[in-house]
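Inspection log for the structure reproduced underneath, given as structure tokens.
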Amino acid sequence: RGEPCNTGMFIVEPKPGAWDRLQAVIEKQRESARKLPYPHFSRYDGWGHNFVNAGDGWEAIDKKNNKWNFHASHSDQGLMYYYTKYMTQDVSIAISDRLQNWMPSDGQLPQKVSEVKGELAKYSPKPAAYQHFCDAEPNSASMYCYPPYRDVCHFMGSNKPWQLGVGVKFMKNTNTHGKSAPYRLWFKELTEINEKYDMGLDIKNFDTVHLKKMKESPLGYMAMYTDHTKELFRGV
């Protein structure tokens, strides 16, 4: 809601040279970042675009701004926003029920060629599991009632099914509060593939048999400024 790019739900088309261009963006930012004080990231220049100097800004569901100060702007969300909108200048951005399409222009900035409301709804099937009571309140203003948000469930942070287990109270409910329905669906699907492929998981006793091993993410949850700093000066 508060950032223009969510890399938890991001689709890119592979193209020749794209990986090299992305790495070039990263290396250029690192070169300038090493000269900056901690946290080695400019809220004005970000990954290579200064909103203030350019006279534009970014837009999210709940916010608009002209600084690189949104969540994970120093990490993947800032990088992919810059790369797709300002480097390739070829991107579609979903903001609540609006879909913006950006393409190159005659100048240096991308141009918004269209903004359509409700465009994705005709491609969105009935959700396999509703979120945030969107089944009971179809006219809700919640972002989770609109595609593409209703078509996927992003279990954020440590609130993932395999990290919380089957003992949570909403496993016994049938309502669609928050992400409880997708959570139950996740374990239902796991149970089915466990039986089909003889995976050997003990779903009934998941919390006592498997949860300890799954409780923490070995790679963490998001890149912190300290991680960014370590990468900057690795081998330097």
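So you can find residues: chains in the structure tokens are A, B, ... in the order shown, residues in each start at 1, and ligands are numbered from 1 in order.
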
Practice problem: Within region 68-114 of chain A, find each residue whose DSSP state, derived from the backbone, is strand (DSSP E), and express the selection as a PyMOL selection string. | Solution: chain A and resi 91-95+98-103+111-114

Let's see if you can do this: from backbone DSSP, list all alpha helix (DSSP H) residues in region 45-81 of chain A, as a short mmCIF file (atom, residue, chain, number, x, y, z; two decimals) with N, CA, C and O atoms, in the first residue's frame.
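This went into result-v1.cif:
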data_model
loop_
_atom_site.label_atom_id
_atom_site.label_comp_id
_atom_site.auth_asym_id
_atom_site.auth_seq_id
_atom_site.Cartn_x
_atom_site.Cartn_y
_atom_site.Cartn_z
N PHE A 51 13.80 12.11 -8.43
CA PHE A 51 12.42 12.54 -8.68
C PHE A 51 12.29 14.07 -8.65
O PHE A 51 11.58 14.66 -9.48
N VAL A 52 12.95 14.69 -7.70
CA VAL A 52 12.84 16.14 -7.53
C VAL A 52 13.36 16.86 -8.77
O VAL A 52 12.70 17.75 -9.32
N ASN A 53 14.54 16.48 -9.22
CA ASN A 53 15.13 17.12 -10.40
C ASN A 53 14.33 16.84 -11.66
O ASN A 53 14.23 17.68 -12.56
N ALA A 54 13.75 15.62 -11.74
CA ALA A 54 12.99 15.24 -12.93
C ALA A 54 11.58 15.81 -12.93
O ALA A 54 10.92 15.86 -13.97
N ASP A 76 15.29 -4.72 -3.20
CA ASP A 76 14.68 -5.22 -4.43
C ASP A 76 13.53 -4.37 -4.95
O ASP A 76 13.38 -4.18 -6.15
N GLN A 77 12.72 -3.80 -4.03
CA GLN A 77 11.56 -3.04 -4.49
C GLN A 77 11.95 -1.74 -5.16
O GLN A 77 11.33 -1.32 -6.14
N GLY A 78 12.99 -1.10 -4.66
CA GLY A 78 13.49 0.10 -5.30
C GLY A 78 14.19 -0.20 -6.61
O GLY A 78 14.00 0.49 -7.62
N LEU A 79 14.99 -1.25 -6.60
CA LEU A 79 15.74 -1.64 -7.80
C LEU A 79 14.81 -1.99 -8.95
O LEU A 79 14.99 -1.50 -10.07
N MET A 80 13.80 -2.82 -8.71
CA MET A 80 12.92 -3.25 -9.78
C MET A 80 12.01 -2.11 -10.26
O MET A 80 11.65 -2.06 -11.44
N TYR A 81 11.66 -1.22 -9.35
CA TYR A 81 10.86 -0.06 -9.76
C TYR A 81 11.68 0.81 -10.71
O TYR A 81 11.19 1.24 -11.76
#

Self-check item: For CA of Gly157 (chain A) and CA of His210 (chain A), the interatomic separation in Å (one decimal)
Solution: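 Rounded to one decimal, the two atoms are 18.9 Å apart.
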
Exercise. Tell me which protein, DNA and RNA residues are within 10 Å of region 58-65 of chain A, counting only C-alpha atoms, leaving out same-chain ones fewer than 2 positions away, and put them as a list in words.
Key: Arg1, Gly2, Glu3, Pro4, Cys5, Asn6, Phe51, Val52, Asp56, Lys67, Trp68, Asn69, Phe70, Tyr81, Ile93, Ala94, Ile95, Ser96, Asp97, Arg98 and Met143 of chain A

Quiz item: What is the CA of Val113 (chain A) to CA of Lys85 (chain A) distance in Å?
Solution: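 Separation of CA of Val113 (chain A) and CA of Lys85 (chain A): 12.6 Å.
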
Region 96-193 of chain A residues near region 217-231 of chain A within 10 Å, closest pair each, using only C-alpha atoms, as CSV:
residue,atom,partner,partner_atom,distance
A:Met156,CA,A:Tyr221,CA,8.4
A:Gly157,CA,A:Tyr221,CA,5.7
A:Ser158,CA,A:Tyr221,CA,7.5
A:Gln163,CA,A:Ser217,CA,8.6

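Computed from the coordinates, the CA of Ser124 (chain A) to CA of Gly178 (chain A) distance equals 20.0 Å.
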
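Minimum distance to Lys213 (chain A) across A:Ala129, A:Val25, A:Val91, A:Leu164 (counting only C-alpha atoms) occurs at A:Leu164.
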
Practice problem: Name the closest residue to Leu109 (chain A) among the candidates A:Lys204, A:Arg150, A:His49, A:His177; distances are taken between atoms, counting only C-alpha atoms. | Solution: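 With only C-alpha atoms as the atom set, the closest residue is A:His49.
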
Quiz item: What's the 12 Å shell around Leu201 (chain A), counting only C-alpha atoms, without same-chain residues fewer than 3 positions away, as a ChimeraX atom specification?
Solution: /A:162,187,190-198,204-211

Deliver the residues from the most recent selection as a file, using N, CA, C and O atoms, as a compact mmCIF listing (two decimals), in the first residue's frame.
# COMPACT_ATOMS: atom_id res chain seq x y z
N TRP A 162 4.10 -22.55 6.91
CA TRP A 162 5.11 -23.51 7.36
C TRP A 162 5.90 -23.02 8.56
O TRP A 162 6.64 -23.77 9.17
N PHE A 187 -2.38 -25.53 3.57
CA PHE A 187 -2.22 -26.83 4.24
C PHE A 187 -3.09 -27.90 3.58
O PHE A 187 -2.71 -29.08 3.56
N LEU A 190 -1.09 -28.93 0.60
CA LEU A 190 0.08 -29.69 1.05
C LEU A 190 -0.31 -31.11 1.44
O LEU A 190 0.41 -32.07 1.13
N THR A 191 -1.45 -31.23 2.10
CA THR A 191 -1.94 -32.56 2.49
C THR A 191 -2.18 -33.43 1.27
O THR A 191 -1.82 -34.62 1.24
N GLU A 192 -2.78 -32.85 0.24
CA GLU A 192 -3.10 -33.61 -0.98
C GLU A 192 -1.84 -34.05 -1.72
O GLU A 192 -1.74 -35.22 -2.14
N ILE A 193 -0.86 -33.16 -1.89
CA ILE A 193 0.35 -33.56 -2.62
C ILE A 193 1.23 -34.47 -1.76
O ILE A 193 1.98 -35.30 -2.29
N ASN A 194 1.11 -34.33 -0.44
CA ASN A 194 1.85 -35.22 0.45
C ASN A 194 1.39 -36.66 0.29
O ASN A 194 2.21 -37.60 0.24
N GLU A 195 0.07 -36.82 0.16
CA GLU A 195 -0.49 -38.17 -0.04
C GLU A 195 -0.24 -38.67 -1.45
O GLU A 195 0.09 -39.84 -1.66
N LYS A 196 -0.37 -37.79 -2.43
CA LYS A 196 -0.22 -38.19 -3.82
C LYS A 196 1.20 -38.64 -4.14
O LYS A 196 1.41 -39.62 -4.87
N TYR A 197 2.18 -37.91 -3.60
CA TYR A 197 3.58 -38.20 -3.93
C TYR A 197 4.34 -38.88 -2.80
O TYR A 197 5.55 -39.04 -2.87
N ASP A 198 3.59 -39.31 -1.77
CA ASP A 198 4.19 -40.05 -0.66
C ASP A 198 5.43 -39.31 -0.12
O ASP A 198 6.53 -39.87 -0.04
N LYS A 204 -0.76 -33.87 10.35
CA LYS A 204 -1.55 -33.82 11.58
C LYS A 204 -0.70 -33.35 12.76
O LYS A 204 -1.14 -32.58 13.61
N ASN A 205 0.53 -33.83 12.81
CA ASN A 205 1.45 -33.46 13.90
C ASN A 205 2.56 -32.53 13.39
O ASN A 205 3.70 -32.61 13.85
N PHE A 206 2.21 -31.69 12.45
CA PHE A 206 3.19 -30.81 11.80
C PHE A 206 3.97 -29.96 12.81
O PHE A 206 5.19 -29.81 12.70
N ASP A 207 3.26 -29.45 13.81
CA ASP A 207 3.90 -28.53 14.76
C ASP A 207 4.98 -29.21 15.59
O ASP A 207 6.03 -28.62 15.87
N THR A 208 4.75 -30.44 15.98
CA THR A 208 5.73 -31.14 16.82
C THR A 208 6.82 -31.83 16.00
O THR A 208 7.96 -31.96 16.45
N VAL A 209 6.49 -32.21 14.76
CA VAL A 209 7.44 -32.96 13.94
C VAL A 209 8.28 -32.05 13.05
O VAL A 209 9.50 -32.24 12.92
N HIS A 210 7.66 -31.03 12.46
CA HIS A 210 8.35 -30.24 11.43
C HIS A 210 8.59 -28.77 11.78
O HIS A 210 9.49 -28.15 11.21
N LEU A 211 7.80 -28.21 12.68
CA LEU A 211 7.80 -26.76 12.87
C LEU A 211 9.15 -26.19 13.32
O LEU A 211 9.57 -25.11 12.87

Exercise. Return the single residue from A:Lys215, A:Glu137, A:Lys188, A:Gln29 that is closest to Gly165 (chain A), with distances computed using only C-alpha atoms.
Key: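 Once distances to Gly165 (chain A) are computed over only C-alpha atoms, the minimum belongs to A:Lys215.
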
Practice problem: Check the smallest atom-to-atom distance from each of A:Met199, A:Ile11, A:Ala18, A:Cys134 to Ala181 (chain A) using only C-alpha atoms, then report the winner. | Solution: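 With only C-alpha atoms as the atom set, the closest residue is A:Cys134.
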
Quiz prompt | Who sits within 12 Å of Trp19 (chain A), only C-alpha atoms, same chain under 5 positions skipped, as a VMD selection string | solution = chain A and resid 12 to 14 24 to 26 80 83 88

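The smallest atom-to-atom distance between Ser180 (chain A) and any of A:Tyr130, A:Trp47, A:Phe233, A:Tyr38, using only C-alpha atoms, is found for A:Tyr130.
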